[in-house]
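Notes to accompany the following structure.
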Amino acid sequence: MTATALAAEVGLTVAPCHRRMKDLETDGVISGYRAVIDPAKVGLGFEAIVFVTLSQVDRATLDKFEAMVKATVHITSAQRLFGDPDYILKVVAEDLSAYQQFFDNELTVLPGVQRVSSTLVMKNLKGESGLPL
């Protein structure tokens, strides 16, 4: 949404709206902006939810695992969980064959991985959305 459209939505003129947006950016409330891309239109229409359990959860293993997850471009979302499994990852790929290669060559060799379990996404009903403000 443009600043002009946002200003109209909240009942302000553009200048005060823009000033408030800049304040929110400075305070870290707004941490960035992004384009929403249709994965299928860029050849990444296959999606899997991956559950990872580590063999050990010492600081060094966690740090290495998390650094490699952050650096892996096909992992588009990652959360560390309480309980079992230790992590949930969202992975995109071109197709099942590409995902299988990614699984075999990248997921299973991440530091400390004991078990990996995948659930394939049949249909994405709701993409990532903003916070309910």
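Chain identifiers are assigned as A, B, and so on, following the order in which chains appear in the structure tokens; residues are numbered from 1 within each chain, and ligands are numbered from 1 in order of appearance.
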Item to check | DSSP-assigned helix (DSSP H, G or I) among chain A, expressed as a ChimeraX atom specification | outcome: /A:3-10,14-26,39-42,59-71,96-107
Checklist entry - Residues at most 12 Å from Leu110 in chain A, counting only C-alpha atoms, excluding those fewer than 2 positions away in the same chain, as a PyMOL selection string? => result chain A and resi 52-55+61-72+102-108+112-116
Per residue of range 17-77 of chain A within 12 Å of range 119-122 of chain A, what are the shortest atom pair and its distance in Å to one decimal, counting only C-alpha atoms, with rows by chain and residue number, as a Markdown table?
```
| residue | atom | partner | partner_atom | distance |
| --- | --- | --- | --- | --- |
| A:Gly45 | CA | A:Val121 | CA | 10.0 |
| A:Phe46 | CA | A:Val121 | CA | 7.6 |
| A:Glu47 | CA | A:Val121 | CA | 5.5 |
| A:Ala48 | CA | A:Leu120 | CA | 4.4 |
| A:Ile49 | CA | A:Thr119 | CA | 5.1 |
| A:Val50 | CA | A:Thr119 | CA | 6.3 |
| A:Phe51 | CA | A:Thr119 | CA | 8.3 |
| A:Val52 | CA | A:Thr119 | CA | 11.6 |
```
Residues just named, written with N, CA and C atoms as an mmCIF file, in the first residue's frame:
```cif
data_model
loop_
_atom_site.group_PDB
_atom_site.id
_atom_site.type_symbol
_atom_site.label_atom_id
_atom_site.label_comp_id
_atom_site.auth_asym_id
_atom_site.auth_seq_id
_atom_site.Cartn_x
_atom_site.Cartn_y
_atom_site.Cartn_z
ATOM 1 N N GLY A 45 6.940 -24.282 -7.211
ATOM 2 C CA GLY A 45 5.574 -24.592 -6.810
ATOM 3 C C GLY A 45 5.416 -25.771 -5.865
ATOM 4 N N PHE A 46 6.510 -26.456 -5.541
ATOM 5 C CA PHE A 46 6.455 -27.607 -4.636
ATOM 6 C C PHE A 46 6.846 -27.141 -3.241
ATOM 7 N N GLU A 47 6.053 -27.514 -2.240
ATOM 8 C CA GLU A 47 6.304 -27.062 -0.876
ATOM 9 C C GLU A 47 6.206 -28.230 0.093
ATOM 10 N N ALA A 48 7.119 -28.248 1.053
ATOM 11 C CA ALA A 48 7.094 -29.287 2.092
ATOM 12 C C ALA A 48 7.278 -28.627 3.454
ATOM 13 N N ILE A 49 6.611 -29.189 4.434
ATOM 14 C CA ILE A 49 6.826 -28.816 5.830
ATOM 15 C C ILE A 49 7.707 -29.916 6.407
ATOM 16 N N VAL A 50 8.829 -29.521 6.988
ATOM 17 C CA VAL A 50 9.831 -30.493 7.429
ATOM 18 C C VAL A 50 10.028 -30.364 8.936
ATOM 19 N N PHE A 51 9.961 -31.500 9.614
ATOM 20 C CA PHE A 51 10.182 -31.559 11.051
ATOM 21 C C PHE A 51 11.564 -32.156 11.289
ATOM 22 N N VAL A 52 12.380 -31.473 12.088
ATOM 23 C CA VAL A 52 13.754 -31.915 12.327
ATOM 24 C C VAL A 52 13.973 -32.115 13.815
#
```
Checklist entry - range 127-130 of chain A: which residues within 10 Å, counting only C-alpha atoms, same-chain residues fewer than 2 positions away excluded, as a ChimeraX atom specification? => result /A:36,38,124-125,132-133
Item to check | Distance of CA of Thr4 in chain A from CA of Cys17 in chain A, expressed in Å to one decimal place | outcome: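 So the answer is 8.2 Å.
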